[in-house]
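Participant: Got a structure for you, input_17.txt, holding compact mmCIF, C-alpha atoms.
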```
# COMPACT_ATOMS: atom_id res chain seq x y z
CA MET A 1 120.16 89.06 172.80
CA LYS A 2 118.69 90.54 169.62
CA LYS A 3 121.14 92.07 167.19
CA ARG A 4 120.21 95.51 165.89
CA THR A 5 121.30 95.70 162.25
CA GLN A 6 120.33 99.25 161.38
CA VAL A 7 119.80 102.63 162.99
CA LEU A 8 116.05 103.20 163.10
CA PRO A 9 114.56 106.70 163.24
CA LEU A 10 113.27 107.80 166.63
CA THR A 11 109.99 109.58 167.26
CA ARG A 12 109.96 112.93 169.07
CA LEU A 13 108.72 111.28 172.28
CA GLU A 14 111.36 108.54 172.07
CA ARG A 15 114.03 111.22 171.75
CA ARG A 16 112.60 113.04 174.79
CA VAL A 17 112.73 109.86 176.88
CA ILE A 18 116.37 109.29 175.90
CA ALA A 19 117.20 112.95 176.65
CA VAL A 20 115.72 112.60 180.15
CA LEU A 21 117.94 109.59 180.86
CA MET A 22 120.99 111.49 179.60
CA LYS A 23 120.33 114.02 182.36
CA GLU A 24 118.86 111.85 185.11
CA LYS A 25 120.22 108.33 185.49
CA GLY A 26 118.31 105.45 187.05
CA LEU A 27 114.78 106.73 186.53
CA SER A 28 111.94 104.22 186.19
CA ARG A 29 109.13 104.31 183.62
CA TYR A 30 106.89 105.96 186.19
CA ASP A 31 109.58 108.53 187.07
CA ILE A 32 109.97 109.44 183.39
CA SER A 33 106.22 109.89 182.94
CA LYS A 34 106.21 112.28 185.93
CA TYR A 35 109.29 114.11 184.61
CA LEU A 36 107.70 114.60 181.17
CA LYS A 37 104.21 115.13 182.61
CA GLY A 38 102.94 112.48 180.23
CA ASN A 39 100.56 109.55 180.35
CA ALA A 40 102.18 106.70 182.30
CA GLY A 41 100.85 104.03 179.95
CA THR A 42 102.12 105.83 176.85
CA ILE A 43 105.56 106.42 178.38
CA SER A 44 105.75 102.78 179.46
CA ARG A 45 105.05 101.63 175.89
CA ILE A 46 107.67 104.04 174.52
CA VAL A 47 110.25 102.76 177.03
CA GLY A 48 109.35 99.18 176.13
CA ARG A 49 110.05 99.87 172.45
CA LEU A 50 113.40 101.49 173.29
CA VAL A 51 114.35 98.51 175.47
CA ASP A 52 113.38 96.10 172.68
CA ARG A 53 115.49 98.09 170.21
CA GLN A 54 118.37 98.04 172.73
CA TYR A 55 118.67 101.79 173.17
CA LEU A 56 117.85 101.39 176.87
CA LEU A 57 118.65 98.85 179.58
CA GLU A 58 116.22 98.06 182.37
CA GLY A 59 117.64 96.98 185.73
CA GLU A 60 116.32 94.82 188.53
CA GLU A 61 113.19 95.88 190.38
CA LYS A 62 113.69 98.14 193.38
CA THR A 63 111.10 98.41 196.12
CA SER A 64 109.55 101.87 196.27
CA VAL A 65 107.98 103.54 199.27
CA VAL A 66 104.66 103.92 197.43
CA GLY A 67 103.17 101.72 194.72
CA ARG A 68 104.71 98.90 192.70
CA PRO A 69 108.46 98.13 192.64
CA ARG A 70 110.26 100.15 189.96
CA ARG A 71 113.02 99.14 187.55
CA PRO A 72 115.80 101.70 186.94
CA LEU A 73 116.58 102.54 183.32
CA SER A 74 119.89 103.49 181.74
CA LEU A 75 121.30 104.19 178.29
CA ASN A 76 122.78 101.12 176.61
CA PRO A 77 126.45 101.84 175.76
CA ALA A 78 126.35 99.22 173.00
CA ALA A 79 123.44 100.89 171.16
CA GLY A 80 125.85 102.73 168.88
CA TYR A 81 128.44 105.46 168.56
CA ILE A 82 128.51 109.20 167.84
CA ILE A 83 131.47 110.94 166.21
CA GLY A 84 132.21 114.63 166.73
CA LEU A 85 134.67 116.68 164.64
CA ASP A 86 135.90 120.25 165.09
CA LEU A 87 137.74 122.25 162.42
CA GLU A 88 139.99 125.16 163.45
CA ALA A 89 142.77 127.12 161.78
CA SER A 90 145.58 125.17 163.46
CA ASN A 91 144.06 121.72 164.02
CA VAL A 92 141.27 119.23 163.49
CA ARG A 93 139.97 117.51 166.61
CA GLY A 94 137.69 114.54 166.94
CA VAL A 95 136.05 112.30 169.51
CA VAL A 96 133.92 109.18 169.43
CA ILE A 97 131.50 108.38 172.27
CA ASP A 98 129.22 105.44 172.94
CA PHE A 99 125.49 105.78 173.57
CA SER A 100 126.02 106.22 177.31
CA LEU A 101 128.14 109.31 176.44
CA ALA A 102 131.43 107.68 177.53
CA ILE A 103 134.46 108.80 175.49
CA ILE A 104 135.98 105.93 173.49
CA LYS A 105 138.66 107.77 171.47
CA ARG A 106 140.07 111.26 171.09
CA ARG A 107 142.28 112.49 168.26
CA CYS A 108 143.88 115.82 167.29
CA TYR A 109 145.73 116.45 164.02
CA PRO A 110 147.69 119.70 163.60
CA LEU A 111 147.20 121.91 160.55
CA ARG A 112 149.68 124.39 159.18
CA LEU A 113 148.30 127.92 159.51
CA GLY A 114 147.11 129.12 156.13
CA CYS A 115 146.89 125.61 154.66
CA ARG A 116 144.76 125.01 151.57
CA PRO A 117 141.16 123.74 151.81
CA VAL A 118 142.14 120.39 150.31
CA THR A 119 144.66 119.86 153.12
CA ALA A 120 142.05 120.57 155.80
CA LEU A 121 139.56 118.24 154.11
CA LYS A 122 142.13 115.45 153.94
CA ALA A 123 142.87 115.90 157.65
CA MET A 124 139.16 115.73 158.52
CA SER A 125 138.71 112.63 156.39
CA LYS A 126 141.76 111.02 158.00
CA ILE A 127 140.62 111.75 161.57
CA TYR A 128 137.14 110.39 160.76
CA LYS A 129 138.64 107.16 159.42
CA ASP A 130 140.86 106.87 162.50
CA LEU A 131 137.93 107.39 164.88
CA SER A 132 135.61 105.03 162.98
CA THR A 133 138.14 102.20 162.65
CA GLY A 134 136.73 99.08 164.29
CA ILE A 135 133.14 100.42 164.28
CA ARG A 136 130.62 98.97 161.84
CA THR A 137 129.02 101.62 159.64
CA ASP A 138 125.54 100.65 160.85
CA ARG A 139 126.60 101.31 164.46
CA ILE A 140 127.42 104.97 163.80
CA LEU A 141 124.36 106.88 165.00
CA GLY A 142 125.50 110.30 163.87
CA VAL A 143 128.40 112.55 162.92
CA GLY A 144 128.61 116.18 164.01
CA LEU A 145 131.02 118.82 162.69
CA GLY A 146 131.85 122.20 164.24
CA ILE A 147 132.88 124.75 161.61
CA PRO A 148 134.61 128.10 162.27
CA GLY A 149 133.81 131.70 161.44
CA PRO A 150 130.61 133.14 159.98
CA CYS A 151 128.93 130.19 158.32
CA ASN A 152 125.76 128.73 156.88
CA ALA A 153 125.44 126.03 159.55
CA PRO A 154 122.56 123.98 158.04
CA ALA A 155 124.35 123.87 154.67
CA GLY A 156 127.74 123.30 156.31
CA GLU A 157 129.47 126.09 154.38
CA ILE A 158 132.10 128.49 155.70
CA ILE A 159 131.10 131.99 154.57
CA SER A 160 134.31 133.71 155.67
CA TYR A 161 137.07 132.90 158.11
CA SER A 162 139.76 135.33 159.25
CA GLY A 163 141.84 132.41 160.60
CA ASN A 164 142.29 131.16 157.05
CA PRO A 165 140.80 133.34 154.28
CA SER A 166 141.33 130.59 151.66
CA TRP A 167 138.59 128.54 153.39
CA SER A 168 135.95 131.21 152.69
CA GLY A 169 133.10 129.72 150.65
CA LEU A 170 134.20 126.15 151.42
CA PRO A 171 131.24 123.67 151.43
CA VAL A 172 132.71 121.52 154.21
CA LYS A 173 129.61 119.40 154.82
CA GLU A 174 129.11 118.43 151.18
CA LYS A 175 132.74 117.50 150.62
CA LEU A 176 133.13 115.56 153.89
CA GLU A 177 129.88 113.65 153.33
CA ARG A 178 131.24 112.59 149.95
CA GLU A 179 134.49 111.40 151.56
CA THR A 180 132.94 109.56 154.52
CA GLY A 181 129.66 108.34 153.07
CA GLN A 182 127.92 109.59 156.24
CA PRO A 183 125.29 112.32 156.66
CA ILE A 184 126.83 115.06 158.79
CA LEU A 185 125.18 117.61 161.08
CA THR A 186 127.07 120.90 161.03
CA GLU A 187 127.04 123.82 163.47
CA HIS A 188 129.18 126.87 164.21
CA ASN A 189 131.83 125.48 166.56
CA VAL A 190 131.33 128.11 169.29
CA PHE A 191 127.56 127.53 169.25
CA ALA A 192 128.29 123.80 169.58
CA ILE A 193 130.53 124.47 172.61
CA ALA A 194 127.82 126.61 174.24
CA MET A 195 125.15 123.95 173.64
CA GLY A 196 127.45 121.25 175.01
CA GLU A 197 128.18 123.26 178.15
CA ASN A 198 124.49 123.92 178.68
CA TRP A 199 123.59 120.27 178.17
CA PHE A 200 126.33 118.58 180.19
CA GLN A 201 127.36 121.21 182.74
CA PHE A 202 123.96 122.71 183.48
CA GLN A 203 121.74 119.76 182.46
CA GLY A 204 119.98 121.92 179.87
CA ASN A 205 118.28 123.97 182.60
CA MET A 206 119.75 127.40 181.82
CA ASP A 207 117.44 129.98 180.26
CA ASN A 208 120.38 132.20 179.25
CA LEU A 209 124.03 131.33 178.73
CA ILE A 210 126.99 133.31 177.40
CA CYS A 211 129.97 131.36 176.06
CA VAL A 212 133.23 133.18 175.30
CA VAL A 213 136.02 131.31 173.50
CA VAL A 214 139.50 132.81 173.73
```
Please lay out the structure from this file as structure tokens.
Facilitator:
Amino acid sequence: MKKRTQVLPLTRLERRVIAVLMKEKGLSRYDISKYLKGNAGTISRIVGRLVDRQYLLEGEEKTSVVGRPRRPLSLNPAAGYIIGLDLEASNVRGVVIDFSLAIIKRRCYPLRLGCRPVTALKAMSKIYKDLSTGIRTDRILGVGLGIPGPCNAPAGEIISYSGNPSWSGLPVKEKLERETGQPILTEHNVFAIAMGENWFQFQGNMDNLICVVV
């Protein structure tokens, strides 16, 4: 088996193919082309590249009612790992999943209410190191961070936070990237919860969704 030594960027169509298989398991190349309403030959070439790069696994041929036998596709768990972090006033939580979306580790570190920014940053750095222990750096596909309160999500900066006023103005993304050496995608934590519910609970098919966190 070929050994993938680095995380290569994916094209928009490659990402769409992977997203389809996150929602619908066991589809064939033909099924995916129908799902995406795309050219079968183009989709087949895209799938072939993803199989070669070990993002996807292709199973044994199954006889179909019409046409040629089809081979079911699935996400390759060994393709890499994704780490998710969530910062709140009283704790930092984290999870690491493999590429098939199976949970590998969960961690939760308590924070003292009203703690200083440096304490929260140390806790986030510690939980990241705990979650990433045993995983090669080149196998980490991405790191996501949910940040609380009104924030500049793309910049990863807390604008204000009633749960801990001393965190207001804290550039969480910049400081955590410096600590971990990893690029980090940041989002308001409630928005992240809503997107996760829509993706995993409703398969991304909801036009409108209200998420209330108590």
Participant: Given all atoms listed in the file as the basis, pick out the residue of A:Ser28, A:Gln54, A:Ser166, A:Thr133 nearest to A:Val118.
Facilitator: A:Ser166
Participant: Counting all atoms listed in the file, figure out which residue out of A:Gly84, A:Cys151, A:Trp167, A:Ile210 gets nearest to A:Ile103.
Facilitator: A:Gly84
Participant: Extract, using all atoms listed in the file, all DNA, RNA and protein residues at most 8 Å from stretch 119-123 of chain A, discarding same-chain residues fewer than 4 positions from it, and format them as an MDAnalysis selection string.
Facilitator: chainID A and resid 92 109 111 115 127 172 175:176
Participant: Excluding same-chain residues fewer than 6 positions from A:Val51, what lies within 9 Å of it counting only C-alpha atoms, as a list in words?
Facilitator: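 The residues satisfying every condition are Leu57, Glu58 and Asn76 of chain A.
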Participant: Would you please work out which residue, of A:Asp98, A:Gly156, A:Asn205, A:Gly149, is nearest to A:Lys23 when using all atoms listed in the file?
Facilitator: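 Among the listed residues, the smallest separation from A:Lys23 belongs to A:Asn205.
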Participant: Hey, could you pull the box centre and edge lengths for stretch 188-194 of chain A, axis-aligned, 6 Å padding per side, all listed atoms, to one decimal in Å, as JSON?
Facilitator:
```
{"center_x": 129.7, "center_y": 126.0, "center_z": 169.2, "size_x": 16.3, "size_y": 16.3, "size_z": 22.0}
```
Participant: I want to know what sits within 8 Å of A:Glu61, based on all atoms listed in the file, with residues of the same chain fewer than 4 positions away left out; could you give that as a PyMOL selection string?
Facilitator: chain A and resi 69-72
Participant: Rank A:Leu185, A:Leu141, A:Leu27, A:Ile104 by their smallest atom-to-atom distance to A:Leu10, using all atoms listed in the file, and report the top residue only.
Facilitator: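 Checking each of A:Leu185, A:Leu141, A:Leu27, A:Ile104 against A:Leu10, counting all atoms listed in the file, the winner is A:Leu141.
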Participant: Might you pull out every residue within 10 Å of A:Glu24, with only C-alpha atoms counted and same-chain residues fewer than 3 positions away left off, and present them as a VMD selection string?
Facilitator: chain A and resid 18 to 21 27 32 35 73 to 74 203
Participant: Just want the 8 Å neighbourhood of stretch 157-162 of chain A, counted on all atoms listed in the file, with same-chain residues fewer than 3 positions away dropped. Output as number ranges by chain.
Facilitator: A: 147-153, 165, 167-173
Participant: What is the atom CA of A:Val96 to atom CA of A:Lys25 distance in Å?
Facilitator: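 Separating atom CA of A:Val96 from atom CA of A:Lys25 is a distance of 21.1 Å.
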Participant: For a cut-off of 7 Å around (123.6, 99.1, 170.7), file coordinates, pick out all residues using all atoms listed in the file and list them as a ChimeraX atom specification.
Facilitator: /A:4,54-55,76-80
Participant: What is the distance between atom CA of A:Asn189 and atom CA of A:Arg15, in Å to one decimal?
Facilitator: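 Pair atom CA of A:Asn189 / atom CA of A:Arg15 returns 23.4 Å.
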Participant: One decimal, Å: what's the distance from atom CA of A:Arg106 over to atom CA of A:Ala155, could you say?
Facilitator: 26.0 Å
Participant: Would you please work out which residue, of A:Gly26, A:Gly41, A:Pro110, A:Pro9, is nearest to A:Arg53 when using all atoms listed in the file?
Facilitator: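 Looking only at the distances to A:Arg53, the closest residue turns out to be A:Pro9.
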Participant: Determine the nearest neighbour of A:Arg16 from the options A:Gly134, A:Phe99, A:Ala40, A:Val47, counting all atoms listed in the file.
Facilitator: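 Using all atoms listed in the file, the shortest distance to A:Arg16 belongs to A:Val47.
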